[in-house]
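Raw input24.txt, compact mmCIF, C-alpha atoms:
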# COMPACT_ATOMS: atom_id res chain seq x y z
CA MET A 56 89.47 85.19 88.43
CA ALA A 57 90.50 86.09 91.97
CA ALA A 58 93.73 87.72 90.76
CA SER A 59 92.05 89.88 88.11
CA GLY A 60 89.31 90.77 90.60
CA THR A 61 91.91 91.90 93.14
CA LEU A 62 93.49 94.24 90.58
CA LEU A 63 90.08 95.71 89.79
CA VAL A 64 89.26 96.24 93.47
CA LEU A 65 92.55 98.08 94.04
CA PHE A 66 91.81 100.32 91.05
CA LEU A 67 88.26 101.01 92.24
CA PHE A 68 89.44 102.25 95.63
CA ALA A 69 92.23 104.37 94.12
CA HIS A 70 89.81 105.89 91.61
CA ALA A 71 87.19 106.55 94.29
CA ALA A 72 89.76 108.29 96.49
CA GLY A 73 90.70 110.56 93.59
CA ASN A 74 87.05 111.41 92.92
CA LEU A 75 86.68 112.74 96.47
CA LYS A 76 89.12 115.54 95.59
CA ILE A 77 86.13 117.38 94.14
CA PHE A 78 84.95 118.13 97.69
CA VAL A 79 88.19 120.04 98.32
CA GLY A 80 87.35 122.32 95.41
CA LEU A 81 86.82 122.23 91.66
CA PRO A 82 90.28 123.72 90.90
CA ASP A 83 91.91 121.04 93.08
CA PHE A 84 89.96 118.34 91.28
CA ASP A 85 91.07 119.69 87.90
CA HIS A 86 94.67 119.87 89.14
CA TYR A 87 94.44 116.22 90.18
CA ALA A 88 93.02 115.27 86.74
CA GLU A 89 95.88 117.11 85.01
CA TRP A 90 98.42 115.44 87.33
CA LEU A 91 97.13 112.05 86.12
CA ARG A 92 97.77 113.13 82.54
CA GLU A 93 101.30 114.26 83.40
CA LEU A 94 102.30 110.99 85.10
CA GLY A 95 105.30 109.41 83.41
CA THR A 96 106.48 112.55 81.62
CA PRO A 97 108.98 113.27 80.17
CA LEU A 98 109.68 109.55 79.75
CA LEU A 99 106.24 109.13 78.20
CA PRO A 100 104.29 111.61 76.05
CA HIS A 101 101.48 113.61 77.64
CA ALA A 102 98.61 111.41 78.92
CA TRP A 103 100.23 108.16 77.72
CA PHE A 104 100.49 106.70 81.23
CA LEU A 105 96.79 107.38 81.76
CA TRP A 106 95.88 105.55 78.56
CA ILE A 107 98.21 102.67 79.42
CA GLN A 108 96.39 102.42 82.74
CA ARG A 109 93.01 102.44 80.99
CA PHE A 110 94.01 99.67 78.59
CA GLY A 111 95.41 97.71 81.53
CA LEU A 112 92.07 98.10 83.29
CA LEU A 113 90.18 96.90 80.22
CA ALA A 114 92.54 93.92 80.00
CA ALA A 115 91.83 93.05 83.64
CA ILE A 116 88.07 93.28 82.97
CA GLY A 117 88.49 91.08 79.91
CA LEU A 118 90.44 88.48 81.90
CA HIS A 119 87.81 88.58 84.64
CA ILE A 120 85.00 87.94 82.13
CA TRP A 121 87.04 85.21 80.42
CA ALA A 122 87.69 83.48 83.76
CA ALA A 123 83.99 83.66 84.65
CA THR A 124 83.06 82.14 81.29
CA VAL A 125 85.60 79.32 81.63
CA LEU A 126 84.41 78.47 85.14
CA THR A 127 80.78 78.43 84.00
CA ILE A 128 81.58 76.07 81.11
CA ARG A 129 83.56 73.78 83.41
CA ALA A 130 80.70 73.67 85.88
CA LYS A 131 78.26 72.66 83.13
CA LYS A 132 80.61 69.98 81.79
CA ALA A 133 81.09 68.57 85.27
CA ARG A 134 77.33 67.91 85.45
CA PRO A 135 76.02 67.54 81.86
CA VAL A 136 72.76 65.94 83.05
CA LYS A 137 70.49 68.13 85.13
CA TYR A 138 69.39 67.02 88.57
CA ALA A 139 65.92 65.42 88.64
CA HIS A 140 65.27 67.39 91.80
CA ARG A 141 67.58 70.15 92.94
CA PRO A 142 66.83 71.63 96.37
CA LYS A 143 67.22 75.37 96.77
CA VAL A 144 70.61 76.41 98.12
CA GLN A 145 70.69 79.21 100.65
CA GLY A 146 72.86 82.08 99.48
CA SER A 147 73.09 85.83 99.59
CA TYR A 148 71.44 88.05 96.98
CA ALA A 149 74.94 89.12 95.90
CA ALA A 150 75.94 85.51 95.23
CA ARG A 151 72.77 84.72 93.26
CA THR A 152 73.11 87.76 90.99
CA MET A 153 76.86 87.75 90.28
CA ARG A 154 76.47 87.17 86.53
CA TRP A 155 73.71 89.72 85.95
CA GLY A 156 75.55 92.15 88.20
CA GLY A 157 78.62 91.68 86.04
CA VAL A 158 76.64 92.52 82.89
CA ILE A 159 75.30 95.71 84.51
CA ILE A 160 78.82 96.69 85.54
CA VAL A 161 80.17 96.22 82.01
CA LEU A 162 77.39 98.42 80.58
CA PHE A 163 78.11 100.98 83.30
CA VAL A 164 81.84 101.04 82.46
CA ILE A 165 81.01 101.68 78.80
CA TRP A 166 78.67 104.55 79.74
CA HIS A 167 81.19 105.95 82.22
CA ILE A 168 83.91 106.09 79.55
CA LEU A 169 81.59 107.71 76.99
CA ASP A 170 80.31 110.22 79.57
CA LEU A 171 83.10 111.34 81.88
CA THR A 172 86.23 110.12 80.06
CA LEU A 173 85.56 110.91 76.40
CA GLY A 174 82.68 113.34 76.90
CA VAL A 175 80.70 111.87 74.00
CA VAL A 176 77.37 111.83 75.89
CA ASN A 177 78.25 114.57 78.37
CA PRO A 178 76.67 118.06 78.10
CA ALA A 179 80.10 119.65 78.57
CA THR A 180 82.30 120.03 75.51
CA GLY A 181 84.99 117.48 74.73
CA ASP A 182 87.85 119.77 75.80
CA SER A 183 86.16 120.92 79.04
CA ASP A 184 87.72 120.56 82.48
CA ALA A 185 87.15 117.34 84.38
CA SER A 186 85.17 119.16 87.06
CA GLN A 187 82.76 120.60 84.51
CA ARG A 188 82.06 117.17 83.08
CA VAL A 189 81.16 115.96 86.56
CA VAL A 190 79.05 119.00 87.44
CA GLN A 191 77.19 119.09 84.13
CA GLY A 192 77.00 115.31 83.86
CA PHE A 193 75.13 115.01 87.17
CA ASP A 194 73.13 118.20 86.82
CA PRO A 195 69.71 118.05 88.57
CA GLU A 196 68.01 118.04 85.15
CA ARG A 197 69.89 114.84 84.34
CA TRP A 198 68.56 113.04 87.42
CA TYR A 199 68.04 109.89 85.37
CA VAL A 200 71.81 109.69 84.81
CA THR A 201 72.40 109.96 88.55
CA LEU A 202 69.76 107.27 89.16
CA PHE A 203 71.45 104.93 86.68
CA TYR A 204 74.79 105.68 88.31
CA VAL A 205 73.36 104.85 91.74
CA LEU A 206 71.88 101.54 90.56
CA ALA A 207 75.11 100.56 88.81
CA VAL A 208 77.31 101.40 91.80
CA VAL A 209 75.02 99.42 94.11
CA ALA A 210 75.41 96.49 91.68
CA VAL A 211 79.18 96.96 91.98
CA GLY A 212 78.82 96.81 95.76
CA PHE A 213 76.89 93.52 95.66
CA HIS A 214 79.38 92.09 93.16
CA LEU A 215 82.30 93.21 95.30
CA ARG A 216 80.84 91.81 98.51
CA HIS A 217 80.56 88.29 97.18
CA GLY A 218 83.71 88.61 95.05
CA ILE A 219 85.99 89.50 97.96
CA TRP A 220 84.68 86.63 100.06
CA SER A 221 84.98 84.19 97.14
CA ALA A 222 88.53 85.37 96.35
CA VAL A 223 89.61 84.84 99.95
CA ARG A 224 88.20 81.30 99.81
CA THR A 225 90.01 80.69 96.51
CA MET A 226 93.31 81.83 98.02
CA GLY A 227 93.11 79.28 100.83
CA GLN A 228 90.84 80.46 103.65
CA GLN A 229 88.78 77.48 104.79
CA THR A 230 88.04 77.84 108.51
CA THR A 231 84.62 78.80 109.90
CA LYS A 232 86.06 81.69 111.90
CA GLY A 233 87.99 82.92 108.90
CA GLU A 234 84.86 82.73 106.75
CA ARG A 235 82.93 84.95 109.16
CA ARG A 236 85.82 87.40 109.22
CA ALA A 237 86.06 87.41 105.42
CA LYS A 238 82.32 88.07 105.06
CA ALA A 239 82.51 90.96 107.54
CA ILE A 240 85.50 92.52 105.77
CA ALA A 241 83.84 92.10 102.38
CA LEU A 242 80.68 93.81 103.62
CA VAL A 243 82.56 96.75 105.16
CA LEU A 244 84.75 97.30 102.08
CA SER A 245 81.72 97.13 99.78
CA VAL A 246 79.71 99.64 101.82
CA VAL A 247 82.68 102.02 102.03
CA LEU A 248 83.33 101.82 98.28
CA VAL A 249 79.67 102.40 97.39
CA ALA A 250 79.52 105.41 99.73
CA MET A 251 82.70 106.88 98.21
CA TYR A 252 81.39 106.58 94.66
CA LEU A 253 77.84 107.75 95.33
CA SER A 254 78.84 110.78 97.40
CA VAL A 255 79.96 112.73 94.31
CA PRO A 256 76.94 112.36 91.94
CA ILE A 257 74.46 112.78 94.80
CA ALA A 258 76.25 115.90 96.04
CA VAL A 259 76.22 117.41 92.55
CA THR A 260 72.58 116.51 91.86
CA PHE A 261 71.45 118.11 95.13
CA GLY A 262 73.53 121.23 94.60
CA LEU A 263 76.18 120.61 97.26
CA VAL A 264 78.91 120.76 94.62
CA LYS A 265 78.62 123.43 91.93
Representation of the structure as structure tokens:
Amino acid sequence: MAASGTLLVLFLFAHAAGNLKIFVGLPDFDHYAEWLRELGTPLLPHAWFLWIQRFGLLAAIGLHIWAATVLTIRAKKARPVKYAHRPKVQGSYAARTMRWGGVIIVLFVIWHILDLTLGVVNPATGDSDASQRVVQGFDPERWYVTLFYVLAVVAVGFHLRHGIWSAVRTMGQQTTKGERRAKAIALVLSVVLVAMYLSVPIAVTFGLVK
């Protein structure tokens, strides 16, 4: 679970960095989108590398969900009889909502693909430029889409915060000092990622990017 999560985190930051190209200019953003489609040519046909990357991402998500399911089943088998009295355990909101946060993220990924990747639910036509899908997708009149995007990205942030800390623990960090450091790093990375992702839809919705 930690390994698949690490792959997903690396992708999220790379994807977020690419999204910020839109602030340089719409033509630059479209050039970046076309560059992604050209990766691997002429060894691979046009856009094949991009689709290989997408299927790899879906595989990582599938492995992450599978690992979460296996761990949940193991936990239940380890204690088949419920506690007569189970005191409340102190934990962060992110830790307590990991499963529901994961469900929200999966739904968000599906919407994101249908909206900005395939253009099925996007006002722009299917063969439109990437920049136009972003601009029309987060148009002020579609504020509800931006709101959903904001809620989903915040859920990603909470999920990431606890996930990074948990992965570090899984990979061997056990000291009290190291735990505090891991929590601080997880918080900073989560806030940075959320800010990177939300800057684009909010800027478009409020007319800063046209």
| message | Need to verify the contact set: range 208-217 of chain A, 12 Å, only C-alpha atoms, exclusion of same-chain residues closer than 4 positions in sequence. Can you return it as a VMD selection string? | response | chain A and resid 57 60 to 61 63 to 65 67 to 68 71 146 to 164 167 201 to 204 221 to 224 234 237 to 256
| task | Choose the residue, out of A:Ala258, A:Met56, A:Val175, A:Leu263, that has the smallest atom-to-atom separation from Thr124 in chain A; count all atoms listed in the file. | result | A:Met56
| So how many Å separate CA of Ala130 in chain A and CA of Gln229 in chain A, to one decimal? |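 We find that CA of Ala130 in chain A and CA of Gln229 in chain A lie 20.9 Å from each other.
Picture a line from CA of Trp198 in chain A to CA of Leu113 in chain A; it runs 27.9 Å.
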| message | At a cut-off of 10 Å, using all atoms listed in the file, what residues contact Leu173 in chain A? Leave out same-chain residues fewer than 6 positions from it and give the result as an MDAnalysis selection string. | response | chainID A and resid 166:167 180:182 188
| task | Go through A:Pro100, A:Gly227, A:Gly192, A:Gly73 one by one, measure the shortest atom-to-atom distance of each to Tyr87 in chain A using all atoms listed in the file, and give the residue with the smallest value. | result |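 Of A:Pro100, A:Gly227, A:Gly192, A:Gly73, the one nearest Tyr87 in chain A, counting all atoms listed in the file, is A:Gly73.
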| query | Which residues come within 8 Å of Asp85 in chain A, counting all atoms listed in the file, excluding same-chain residues fewer than 4 positions away, as a list in words? | reply |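 Contacts, with the query itself left out: Leu81, Glu89, Asp184, Ala185 and Ser186 of chain A.
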| request: For each of A:Leu99, A:Val190, A:Ala122, A:Ile128, take the minimum atom-to-atom distance to Val264 in chain A, counting all atoms listed in the file, then give the residue where this is smallest. | output: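 Between A:Leu99, A:Val190, A:Ala122, A:Ile128, the residue approaching Val264 in chain A most closely is A:Val190.
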| When distances are computed from all atoms listed in the file, which of A:Ala207, A:Leu112, A:Lys232, A:Ala88 shows the smallest separation from Lys76 in chain A? |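 For Lys76 in chain A, the nearest of the candidates is A:Ala88.
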| query | Taking all atoms listed in the file into account, which of A:Gly80, A:Ile116, A:Ala102, A:Gly174 comes nearest Ser59 in chain A? | reply |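 The answer is A:Ile116, which sits nearest to Ser59 in chain A.
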| request: Could you please determine the separation between CA of Trp220 in chain A and CA of Ala114 in chain A in Å, to one decimal place? | output: 22.7 Å
